[in-house]
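S.K.: Here you go, this is work_17.pdb (PDB, C-alpha atoms).
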ATOM      1  CA  MET A 291     -40.549  35.694  -0.613
ATOM      2  CA  GLN A 292     -38.014  34.300   1.820
ATOM      3  CA  ILE A 293     -36.229  31.053   0.955
ATOM      4  CA  THR A 294     -34.772  29.026   3.798
ATOM      5  CA  THR A 295     -31.130  27.924   3.650
ATOM      6  CA  GLY A 296     -32.175  24.298   3.274
ATOM      7  CA  ARG A 297     -34.541  25.071   0.389
ATOM      8  CA  ALA A 298     -31.903  27.257  -1.297
ATOM      9  CA  LEU A 299     -29.392  24.424  -1.104
ATOM     10  CA  GLY A 300     -31.982  22.022  -2.481
ATOM     11  CA  VAL A 301     -32.732  24.292  -5.421
ATOM     12  CA  ALA A 302     -29.030  24.802  -6.104
ATOM     13  CA  LEU A 303     -28.434  21.050  -6.038
ATOM     14  CA  LEU A 304     -31.350  20.442  -8.431
ATOM     15  CA  VAL A 305     -29.981  23.052 -10.840
ATOM     16  CA  LEU A 306     -26.524  21.417 -10.736
ATOM     17  CA  VAL A 307     -28.015  17.980 -11.433
ATOM     18  CA  LEU A 308     -30.017  19.328 -14.394
ATOM     19  CA  LEU A 309     -26.983  21.141 -15.793
ATOM     20  CA  ALA A 310     -24.858  18.022 -15.431
ATOM     21  CA  ALA A 311     -27.486  15.905 -17.178
ATOM     22  CA  ALA A 312     -27.743  18.438 -19.990
ATOM     23  CA  GLY A 313     -23.971  18.534 -20.312
ATOM     24  CA  LEU A 314     -23.699  14.763 -20.500
ATOM     25  CA  GLY A 315     -26.428  14.682 -23.115
ATOM     26  CA  ALA A 316     -24.602  17.252 -25.185
ATOM     27  CA  LEU A 317     -21.345  15.309 -24.953
ATOM     28  CA  GLN A 318     -22.905  12.012 -25.942
ATOM     29  CA  ARG A 319     -22.232  11.123 -29.540
ATOM     30  CA  PRO A 320     -25.190  10.327 -31.795
ATOM     31  CA  GLY A 321     -25.830   6.608 -32.019
ATOM     32  CA  VAL A 322     -23.611   5.745 -29.036
ATOM     33  CA  SER A 323     -25.467   4.810 -25.874
ATOM     34  CA  GLY A 324     -24.039   5.435 -22.424
ATOM     35  CA  ARG A 325     -23.292   1.728 -22.064
ATOM     36  CA  ASP A 326     -21.408   1.538 -25.365
ATOM     37  CA  TYR A 327     -18.514   3.823 -24.552
ATOM     38  CA  PRO A 328     -16.101   3.297 -27.462
ATOM     39  CA  VAL A 329     -12.908   3.209 -25.362
ATOM     40  CA  GLN A 330     -12.297   0.147 -23.202
ATOM     41  CA  PRO A 331      -9.462  -0.172 -20.676
ATOM     42  CA  VAL A 332      -6.839  -2.879 -21.049
ATOM     43  CA  PRO A 333      -4.712  -4.411 -18.289
ATOM     44  CA  PHE A 334      -1.284  -2.832 -18.026
ATOM     45  CA  THR A 335       0.245  -6.272 -18.505
ATOM     46  CA  ALA A 336      -1.081  -6.199 -22.070
ATOM     47  CA  VAL A 337       0.873  -3.043 -22.861
ATOM     48  CA  HIS A 338       4.428  -3.592 -24.116
ATOM     49  CA  LEU A 339       6.758  -0.662 -24.710
ATOM     50  CA  GLU A 340       9.728  -1.108 -27.019
ATOM     51  CA  ASP A 341      10.625   2.536 -27.534
ATOM     52  CA  GLN A 342      13.892   4.286 -26.732
ATOM     53  CA  PHE A 343      12.449   6.555 -24.038
ATOM     54  CA  TRP A 344      10.122   4.670 -21.673
ATOM     55  CA  ALA A 345      11.395   1.101 -22.117
ATOM     56  CA  PRO A 346      14.890   1.854 -20.735
ATOM     57  CA  LYS A 347      13.396   3.773 -17.810
ATOM     58  CA  ILE A 348      11.136   0.843 -16.933
ATOM     59  CA  GLU A 349      14.184  -1.432 -16.935
ATOM     60  CA  THR A 350      16.100   1.015 -14.749
ATOM     61  CA  ASN A 351      13.179   0.961 -12.339
ATOM     62  CA  ARG A 352      13.267  -2.851 -12.157
ATOM     63  CA  GLN A 353      17.035  -3.276 -12.038
ATOM     64  CA  VAL A 354      18.087  -0.233 -10.012
ATOM     65  CA  SER A 355      15.330   1.827  -8.391
ATOM     66  CA  ILE A 356      13.361  -0.988  -6.758
ATOM     67  CA  PRO A 357      16.439  -2.795  -5.351
ATOM     68  CA  PHE A 358      17.753   0.556  -4.117
ATOM     69  CA  ALA A 359      14.451   1.297  -2.386
ATOM     70  CA  PHE A 360      14.564  -2.099  -0.648
ATOM     71  CA  GLN A 361      18.167  -1.406   0.349
ATOM     72  CA  GLN A 362      17.115   1.887   1.928
ATOM     73  CA  CYS A 363      14.361   0.086   3.839
ATOM     74  CA  GLU A 364      17.038  -2.210   5.222
ATOM     75  CA  LEU A 365      19.549   0.527   6.027
ATOM     76  CA  SER A 366      16.904   2.632   7.784
ATOM     77  CA  GLY A 367      15.807  -0.285   9.986
ATOM     78  CA  ARG A 368      12.353  -0.591   8.445
ATOM     79  CA  ILE A 369      12.876  -4.266   7.586
ATOM     80  CA  ASP A 370      14.448  -4.889  10.975
ATOM     81  CA  ASN A 371      11.286  -3.542  12.618
ATOM     82  CA  PHE A 372       9.441  -6.621  11.356
ATOM     83  CA  VAL A 373      12.263  -8.922  12.475
ATOM     84  CA  ARG A 374      12.272  -7.375  15.957
ATOM     85  CA  ALA A 375       8.471  -7.469  16.199
ATOM     86  CA  ALA A 376       8.470 -11.162  15.271
ATOM     87  CA  ALA A 377      11.140 -11.919  17.875
ATOM     88  CA  ALA A 378       9.164 -10.058  20.542
ATOM     89  CA  LEU A 379       6.005 -11.993  19.652
ATOM     90  CA  ARG A 380       7.951 -15.251  20.059
ATOM     91  CA  GLY A 381       8.941 -14.114  23.545
ATOM     92  CA  GLU A 382      12.605 -13.645  22.718
ATOM     93  CA  ALA A 383      14.696 -11.108  24.620
ATOM     94  CA  LEU A 384      15.438  -8.081  22.470
ATOM     95  CA  SER A 385      18.600  -6.053  22.850
ATOM     96  CA  ASN A 386      16.906  -3.204  20.984
ATOM     97  CA  ARG A 387      13.341  -2.351  21.955
ATOM     98  CA  THR A 388      13.503   1.172  20.569
ATOM     99  CA  ALA A 389      10.286   2.113  18.797
ATOM    100  CA  PRO A 390      10.501   2.773  15.049
ATOM    101  CA  GLY A 391      11.233   6.362  14.113
ATOM    102  CA  TYR A 392       7.680   6.829  12.885
ATOM    103  CA  PRO A 393       4.601   4.621  13.313
ATOM    104  CA  PHE A 394       4.119   4.663   9.547
ATOM    105  CA  ASP A 395       7.568   3.157   8.841
ATOM    106  CA  ASP A 396       5.886  -0.181   8.070
ATOM    107  CA  THR A 397       4.354   1.292   4.930
ATOM    108  CA  ASP A 398       7.610   1.846   3.068
ATOM    109  CA  PRO A 399       8.389  -1.860   2.574
ATOM    110  CA  TYR A 400       4.740  -2.394   1.603
ATOM    111  CA  LYS A 401       4.889   0.275  -1.078
ATOM    112  CA  VAL A 402       8.171  -1.040  -2.502
ATOM    113  CA  ILE A 403       6.672  -4.549  -2.596
ATOM    114  CA  GLU A 404       3.771  -3.113  -4.575
ATOM    115  CA  GLY A 405       6.179  -1.505  -7.012
ATOM    116  CA  ALA A 406       8.138  -4.736  -7.309
ATOM    117  CA  ALA A 407       4.900  -6.585  -8.014
ATOM    118  CA  TYR A 408       4.063  -4.286 -10.908
ATOM    119  CA  ALA A 409       7.546  -4.864 -12.324
ATOM    120  CA  LEU A 410       7.284  -8.630 -11.902
ATOM    121  CA  ALA A 411       3.892  -8.632 -13.601
ATOM    122  CA  VAL A 412       5.473  -7.551 -16.888
ATOM    123  CA  HIS A 413       9.014  -8.911 -16.528
ATOM    124  CA  PRO A 414       9.850 -12.103 -14.594
ATOM    125  CA  ASP A 415      12.821 -11.580 -12.276
ATOM    126  CA  PRO A 416      13.619 -14.634 -10.082
ATOM    127  CA  LYS A 417      16.119 -12.731  -7.912
ATOM    128  CA  LEU A 418      13.698  -9.904  -7.157
ATOM    129  CA  GLU A 419      10.837 -12.322  -6.547
ATOM    130  CA  ALA A 420      12.952 -14.408  -4.148
ATOM    131  CA  TYR A 421      13.857 -11.256  -2.210
ATOM    132  CA  VAL A 422      10.208 -10.247  -1.903
ATOM    133  CA  ASP A 423       9.224 -13.781  -0.830
ATOM    134  CA  ASP A 424      11.782 -13.596   1.990
ATOM    135  CA  LEU A 425      10.501 -10.179   3.015
ATOM    136  CA  VAL A 426       6.917 -11.441   3.000
ATOM    137  CA  GLU A 427       7.928 -14.156   5.476
ATOM    138  CA  LYS A 428       9.385 -11.512   7.789
ATOM    139  CA  ILE A 429       6.173  -9.503   7.573
ATOM    140  CA  ALA A 430       4.026 -12.587   8.220
ATOM    141  CA  ALA A 431       6.106 -13.479  11.277
ATOM    142  CA  ALA A 432       5.449 -10.002  12.737
ATOM    143  CA  GLN A 433       1.671 -10.434  12.617
ATOM    144  CA  GLU A 434      -0.100 -11.075  15.898
ATOM    145  CA  ARG A 435      -2.405 -14.080  16.318
ATOM    146  CA  ASP A 436      -5.590 -12.071  15.790
ATOM    147  CA  GLY A 437      -4.248 -10.438  12.625
ATOM    148  CA  TYR A 438      -3.040  -7.151  14.105
ATOM    149  CA  LEU A 439       0.155  -6.004  12.400
ATOM    150  CA  TYR A 440       1.851  -2.872  13.694
ATOM    151  CA  THR A 441       5.521  -3.217  14.534
ATOM    152  CA  THR A 442       5.837  -0.245  16.868
ATOM    153  CA  ARG A 443       3.380  -1.837  19.290
ATOM    154  CA  SER A 444       4.582  -5.413  18.886
ATOM    155  CA  ILE A 445       8.235  -4.543  19.524
ATOM    156  CA  ASP A 446       7.409  -3.063  22.928
ATOM    157  CA  PRO A 447       3.681  -2.887  23.748
ATOM    158  CA  LYS A 448       4.357  -0.870  26.904
ATOM    159  CA  HIS A 449       6.437   1.744  25.111
ATOM    160  CA  PRO A 450       5.327   2.120  21.480
ATOM    161  CA  HIS A 451       5.913   5.271  19.483
ATOM    162  CA  PRO A 452       4.100   8.159  21.236
ATOM    163  CA  TRP A 453       1.831   8.637  18.224
ATOM    164  CA  ALA A 454       0.601   5.063  18.576
ATOM    165  CA  GLY A 455      -1.201   5.636  21.862
ATOM    166  CA  PRO A 456      -1.300   3.315  24.881
ATOM    167  CA  GLU A 457      -3.773   0.877  23.271
ATOM    168  CA  ARG A 458      -4.758  -0.245  19.802
ATOM    169  CA  TRP A 459      -6.674   2.235  17.635
ATOM    170  CA  VAL A 460      -7.099   4.930  20.310
ATOM    171  CA  LEU A 461      -5.106   7.464  18.271
ATOM    172  CA  GLU A 462      -6.048   6.185  14.824
ATOM    173  CA  LYS A 463      -7.887   9.411  14.028
ATOM    174  CA  ASP A 464      -4.854  11.411  15.099
ATOM    175  CA  ASP A 465      -1.391  10.116  14.270
ATOM    176  CA  SER A 466      -1.095   6.353  14.832
ATOM    177  CA  HIS A 467      -1.354   5.488  11.105
ATOM    178  CA  GLU A 468      -2.622   1.984  11.943
ATOM    179  CA  LEU A 469      -5.179   2.034   9.121
ATOM    180  CA  HIS A 470      -2.788   3.958   6.881
ATOM    181  CA  ASN A 471      -0.330   1.077   7.206
ATOM    182  CA  LEU A 472      -3.042  -1.472   6.534
ATOM    183  CA  GLY A 473      -4.152   0.249   3.355
ATOM    184  CA  HIS A 474      -0.645   0.037   1.928
ATOM    185  CA  LEU A 475      -0.367  -3.592   3.028
ATOM    186  CA  TYR A 476      -3.615  -4.410   1.202
ATOM    187  CA  GLU A 477      -2.400  -2.747  -1.996
ATOM    188  CA  ALA A 478       0.913  -4.612  -1.860
ATOM    189  CA  ALA A 479      -0.778  -7.931  -1.108
ATOM    190  CA  VAL A 480      -3.222  -7.672  -4.001
ATOM    191  CA  ALA A 481      -0.547  -6.520  -6.447
ATOM    192  CA  TYR A 482       1.848  -9.314  -5.460
ATOM    193  CA  HIS A 483      -0.866 -11.952  -5.684
ATOM    194  CA  GLN A 484      -1.880 -10.719  -9.134
ATOM    195  CA  ALA A 485       1.735 -10.675 -10.302
ATOM    196  CA  THR A 486       2.871 -14.046  -8.922
ATOM    197  CA  GLY A 487      -0.230 -15.990  -7.913
ATOM    198  CA  LYS A 488       1.263 -16.378  -4.417
ATOM    199  CA  ARG A 489      -1.145 -16.008  -1.518
ATOM    200  CA  ARG A 490       1.183 -15.624   1.456
ATOM    201  CA  LEU A 491       1.011 -11.827   1.697
ATOM    202  CA  LEU A 492      -2.631 -11.830   0.600
ATOM    203  CA  ASP A 493      -3.475 -14.180   3.471
ATOM    204  CA  VAL A 494      -1.645 -11.869   5.878
ATOM    205  CA  ALA A 495      -3.747  -8.963   4.598
ATOM    206  CA  LEU A 496      -6.975 -10.963   4.826
TER
END
Could you express the structure from this file as structure tokens?
M.R.:
Amino acid sequence: MQITTGRALGVALLVLVLLAAAGLGALQRPGVSGRDYPVQPVPFTAVHLEDQFWAPKIETNRQVSIPFAFQQCELSGRIDNFVRAAAALRGEALSNRTAPGYPFDDTDPYKVIEGAAYALAVHPDPKLEAYVDDLVEKIAAAQERDGYLYTTRSIDPKHPHPWAGPERWVLEKDDSHELHNLGHLYEAAVAYHQATGKRRLLDVAL
């Protein structure tokens, strides 16, 4: 008897489903229903480490690594990209309209903000929080009226990074990283809102 490719795939899928169900049944402990899984997650803010291995490393991250990462974002021009984009949107003459080195350069400040948020969530740090607040204002100022936020296009819409394409979104499936940048912005915005209760970056993301 011949079995078509579609039917063969269907049979194989059915077998996999049955095997998975049997495996789950075998793993289930007697007297424990699927909805009564004995291990429940806890928020990371409820976990406090006071050991001699991880606790010092977490402090090094807050006091050294995160500030250093922000410093590198400044030295590399990634923060300045937002400042230049904001100036261009205000109609100011720019002495430097050079496109960012990569169209995904915006994501680095976003990711460091996210890391800073996680640190702030477990250890208040007024200096670090004030720095992030200032950076958030620079990011907000670089956002276009309709919500679009992509510094390489805002700095010089006629000559963005080649990967960006001549118009919004046309090279998103290739190399523009427009949605890639947004995803990291969303993660940073949610993390910072959860850590501080401040909505400024969250409203930018929304």
S.K.: Counting all atoms listed in the file, which residues sit no farther than 7 Å from the position (4.8, -6.1, -6.4) in the file's frame? I'd like them as a ChimeraX atom specification.
M.R.: /A:403-410,478,481-482,485
S.K.: Could you check which of A:Pro456, A:Gly473, A:Pro333, A:Gly487 is closest to Lys401 in chain A, using only C-alpha atoms?
M.R.: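 The closest residue to Lys401 in chain A is A:Gly473.
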S.K.: Kindly give the distance, in Å, that separates CA of Leu496 in chain A and CA of Thr397 in chain A, rounded to a single decimal.
M.R.: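 CA of Leu496 in chain A sits 16.7 Å away from CA of Thr397 in chain A.
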S.K.: Calculate how many Å separate CA of Gln361 in chain A from CA of Val402 in chain A, rounding to one decimal.
M.R.: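 Going from CA of Gln361 in chain A over to CA of Val402 in chain A covers 10.4 Å.
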S.K.: Within 8 Å of (7.3, -3.5, 3.6) in the file's own coordinates, which protein, DNA or RNA residues have an atom, counting only C-alpha atoms? List them as a PyMOL selection string.
M.R.: chain A and resi 363+368-369+396-403+425-426+429+475
S.K.: Compare A:Leu472, A:Glu340, A:Pro390, A:Ile356 by their minimum atom-to-atom distance to Gly437 in chain A, counting only C-alpha atoms, and give me the closest one.
M.R.: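 Closest candidate: A:Leu472.
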S.K.: Check which residues of range 399-440 of chain A sit at most 12 Å from range 466-469 of chain A using all atoms listed in the file, and return one row each with the closest pair of atoms and their distance in Å to one decimal, ordered by chain and rising number, as JSON lines.
M.R.:
{"residue": "A:Tyr438", "atom": "CA", "partner": "A:Glu468", "partner_atom": "CA", "distance": 9.4}
{"residue": "A:Leu439", "atom": "CA", "partner": "A:Glu468", "partner_atom": "CA", "distance": 8.5}
{"residue": "A:Tyr440", "atom": "CA", "partner": "A:Glu468", "partner_atom": "CA", "distance": 6.8}
S.K.: Care to translate the PyMOL selection byres ((chain A and resi 334) around 12) into actual residues of this file, as a PyMOL selection string?
M.R.: chain A and resi 331-333+335-339+408-409+411-412+484-485
S.K.: Would you mind reading off the distance between CA of Asp464 in chain A and CA of Pro393 in chain A, one decimal, in Å?
M.R.: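 Rounded to one decimal, the two atoms are 11.8 Å apart.
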S.K.: Which residue is closest to Arg374 in chain A? Choose from A:Val460, A:Ala345, A:Ala431, A:Ile445 and count all atoms listed in the file.
M.R.: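 Comparing A:Val460, A:Ala345, A:Ala431, A:Ile445 against Arg374 in chain A, the winner is A:Ile445.
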S.K.: Which one of A:Arg489, A:Glu427, A:Gly367, A:Val494 sits closest to Asp395 in chain A if you count all atoms listed in the file?
M.R.: A:Gly367
S.K.: If you apply the PyMOL selection byres ((chain A and resi 372) around 7) to this file, what residues do you get, as a PyMOL selection string?
M.R.: chain A and resi 369-371+373-376+428-429+432+441
S.K.: Nearest residue to Asp423 in chain A out of A:Ala377, A:Ala479, A:Ile348, A:Ala454, using all atoms listed in the file?
M.R.: A:Ala479
S.K.: Would you fill out range 401-412 of chain A with all heavy atoms and return it as an mmCIF file, keeping the file's coordinate frame?
M.R.:
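The resulting file, out-v3.cif, is reproduced below:
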data_model
loop_
_atom_site.group_PDB
_atom_site.id
_atom_site.type_symbol
_atom_site.label_atom_id
_atom_site.label_comp_id
_atom_site.auth_asym_id
_atom_site.auth_seq_id
_atom_site.Cartn_x
_atom_site.Cartn_y
_atom_site.Cartn_z
ATOM 1 N N LYS A 401 4.990 -0.442 0.191
ATOM 2 C CA LYS A 401 4.889 0.275 -1.078
ATOM 3 C C LYS A 401 5.950 -0.201 -2.071
ATOM 4 O O LYS A 401 5.695 -0.258 -3.282
ATOM 5 C CB LYS A 401 5.027 1.789 -0.862
ATOM 6 C CG LYS A 401 3.910 2.414 -0.037
ATOM 7 C CD LYS A 401 2.527 2.040 -0.545
ATOM 8 C CE LYS A 401 2.170 2.670 -1.860
ATOM 9 N NZ LYS A 401 0.786 2.325 -2.290
ATOM 10 N N VAL A 402 7.145 -0.551 -1.579
ATOM 11 C CA VAL A 402 8.171 -1.040 -2.502
ATOM 12 C C VAL A 402 7.794 -2.431 -3.005
ATOM 13 O O VAL A 402 8.029 -2.761 -4.170
ATOM 14 C CB VAL A 402 9.566 -1.040 -1.834
ATOM 15 C CG1 VAL A 402 10.628 -1.441 -2.857
ATOM 16 C CG2 VAL A 402 9.898 0.341 -1.277
ATOM 17 N N ILE A 403 7.168 -3.240 -2.146
ATOM 18 C CA ILE A 403 6.672 -4.549 -2.596
ATOM 19 C C ILE A 403 5.649 -4.348 -3.711
ATOM 20 O O ILE A 403 5.652 -5.067 -4.714
ATOM 21 C CB ILE A 403 6.056 -5.339 -1.432
ATOM 22 C CG1 ILE A 403 7.141 -5.821 -0.478
ATOM 23 C CG2 ILE A 403 5.243 -6.534 -1.952
ATOM 24 C CD1 ILE A 403 6.615 -6.480 0.786
ATOM 25 N N GLU A 404 4.772 -3.375 -3.539
ATOM 26 C CA GLU A 404 3.771 -3.113 -4.575
ATOM 27 C C GLU A 404 4.450 -2.742 -5.891
ATOM 28 O O GLU A 404 4.089 -3.243 -6.957
ATOM 29 C CB GLU A 404 2.829 -1.991 -4.130
ATOM 30 C CG GLU A 404 1.724 -1.707 -5.127
ATOM 31 C CD GLU A 404 0.844 -0.538 -4.726
ATOM 32 O OE1 GLU A 404 1.106 0.092 -3.673
ATOM 33 O OE2 GLU A 404 -0.109 -0.238 -5.471
ATOM 34 N N GLY A 405 5.452 -1.877 -5.815
ATOM 35 C CA GLY A 405 6.179 -1.505 -7.012
ATOM 36 C C GLY A 405 6.884 -2.691 -7.645
ATOM 37 O O GLY A 405 6.880 -2.860 -8.869
ATOM 38 N N ALA A 406 7.468 -3.535 -6.806
ATOM 39 C CA ALA A 406 8.138 -4.736 -7.309
ATOM 40 C C ALA A 406 7.131 -5.651 -7.985
ATOM 41 O O ALA A 406 7.432 -6.276 -9.014
ATOM 42 C CB ALA A 406 8.837 -5.462 -6.162
ATOM 43 N N ALA A 407 5.940 -5.734 -7.424
ATOM 44 C CA ALA A 407 4.900 -6.585 -8.014
ATOM 45 C C ALA A 407 4.531 -6.114 -9.414
ATOM 46 O O ALA A 407 4.387 -6.929 -10.333
ATOM 47 C CB ALA A 407 3.665 -6.597 -7.115
ATOM 48 N N TYR A 408 4.395 -4.805 -9.582
ATOM 49 C CA TYR A 408 4.063 -4.286 -10.908
ATOM 50 C C TYR A 408 5.176 -4.603 -11.904
ATOM 51 O O TYR A 408 4.911 -4.908 -13.071
ATOM 52 C CB TYR A 408 3.822 -2.777 -10.849
ATOM 53 C CG TYR A 408 2.590 -2.387 -10.068
ATOM 54 C CD1 TYR A 408 2.581 -1.251 -9.269
ATOM 55 C CD2 TYR A 408 1.430 -3.161 -10.117
ATOM 56 C CE1 TYR A 408 1.452 -0.888 -8.546
ATOM 57 C CE2 TYR A 408 0.310 -2.805 -9.397
ATOM 58 C CZ TYR A 408 0.324 -1.664 -8.614
ATOM 59 O OH TYR A 408 -0.788 -1.317 -7.906
ATOM 60 N N ALA A 409 6.425 -4.536 -11.442
ATOM 61 C CA ALA A 409 7.546 -4.864 -12.324
ATOM 62 C C ALA A 409 7.537 -6.353 -12.670
ATOM 63 O O ALA A 409 7.744 -6.728 -13.827
ATOM 64 C CB ALA A 409 8.868 -4.477 -11.644
ATOM 65 N N LEU A 410 7.300 -7.183 -11.676
ATOM 66 C CA LEU A 410 7.284 -8.630 -11.902
ATOM 67 C C LEU A 410 6.133 -9.050 -12.816
ATOM 68 O O LEU A 410 6.230 -10.056 -13.519
ATOM 69 C CB LEU A 410 7.184 -9.373 -10.570
ATOM 70 C CG LEU A 410 8.427 -9.313 -9.680
ATOM 71 C CD1 LEU A 410 8.112 -9.833 -8.279
ATOM 72 C CD2 LEU A 410 9.574 -10.105 -10.294
ATOM 73 N N ALA A 411 5.063 -8.288 -12.786
ATOM 74 C CA ALA A 411 3.892 -8.632 -13.601
ATOM 75 C C ALA A 411 4.187 -8.542 -15.093
ATOM 76 O O ALA A 411 3.533 -9.213 -15.892
ATOM 77 C CB ALA A 411 2.712 -7.727 -13.252
ATOM 78 N N VAL A 412 5.164 -7.722 -15.460
ATOM 79 C CA VAL A 412 5.473 -7.551 -16.888
ATOM 80 C C VAL A 412 6.853 -8.084 -17.266
ATOM 81 O O VAL A 412 7.169 -8.195 -18.448
ATOM 82 C CB VAL A 412 5.359 -6.062 -17.310
ATOM 83 C CG1 VAL A 412 3.931 -5.583 -17.181
ATOM 84 C CG2 VAL A 412 6.299 -5.186 -16.489
#
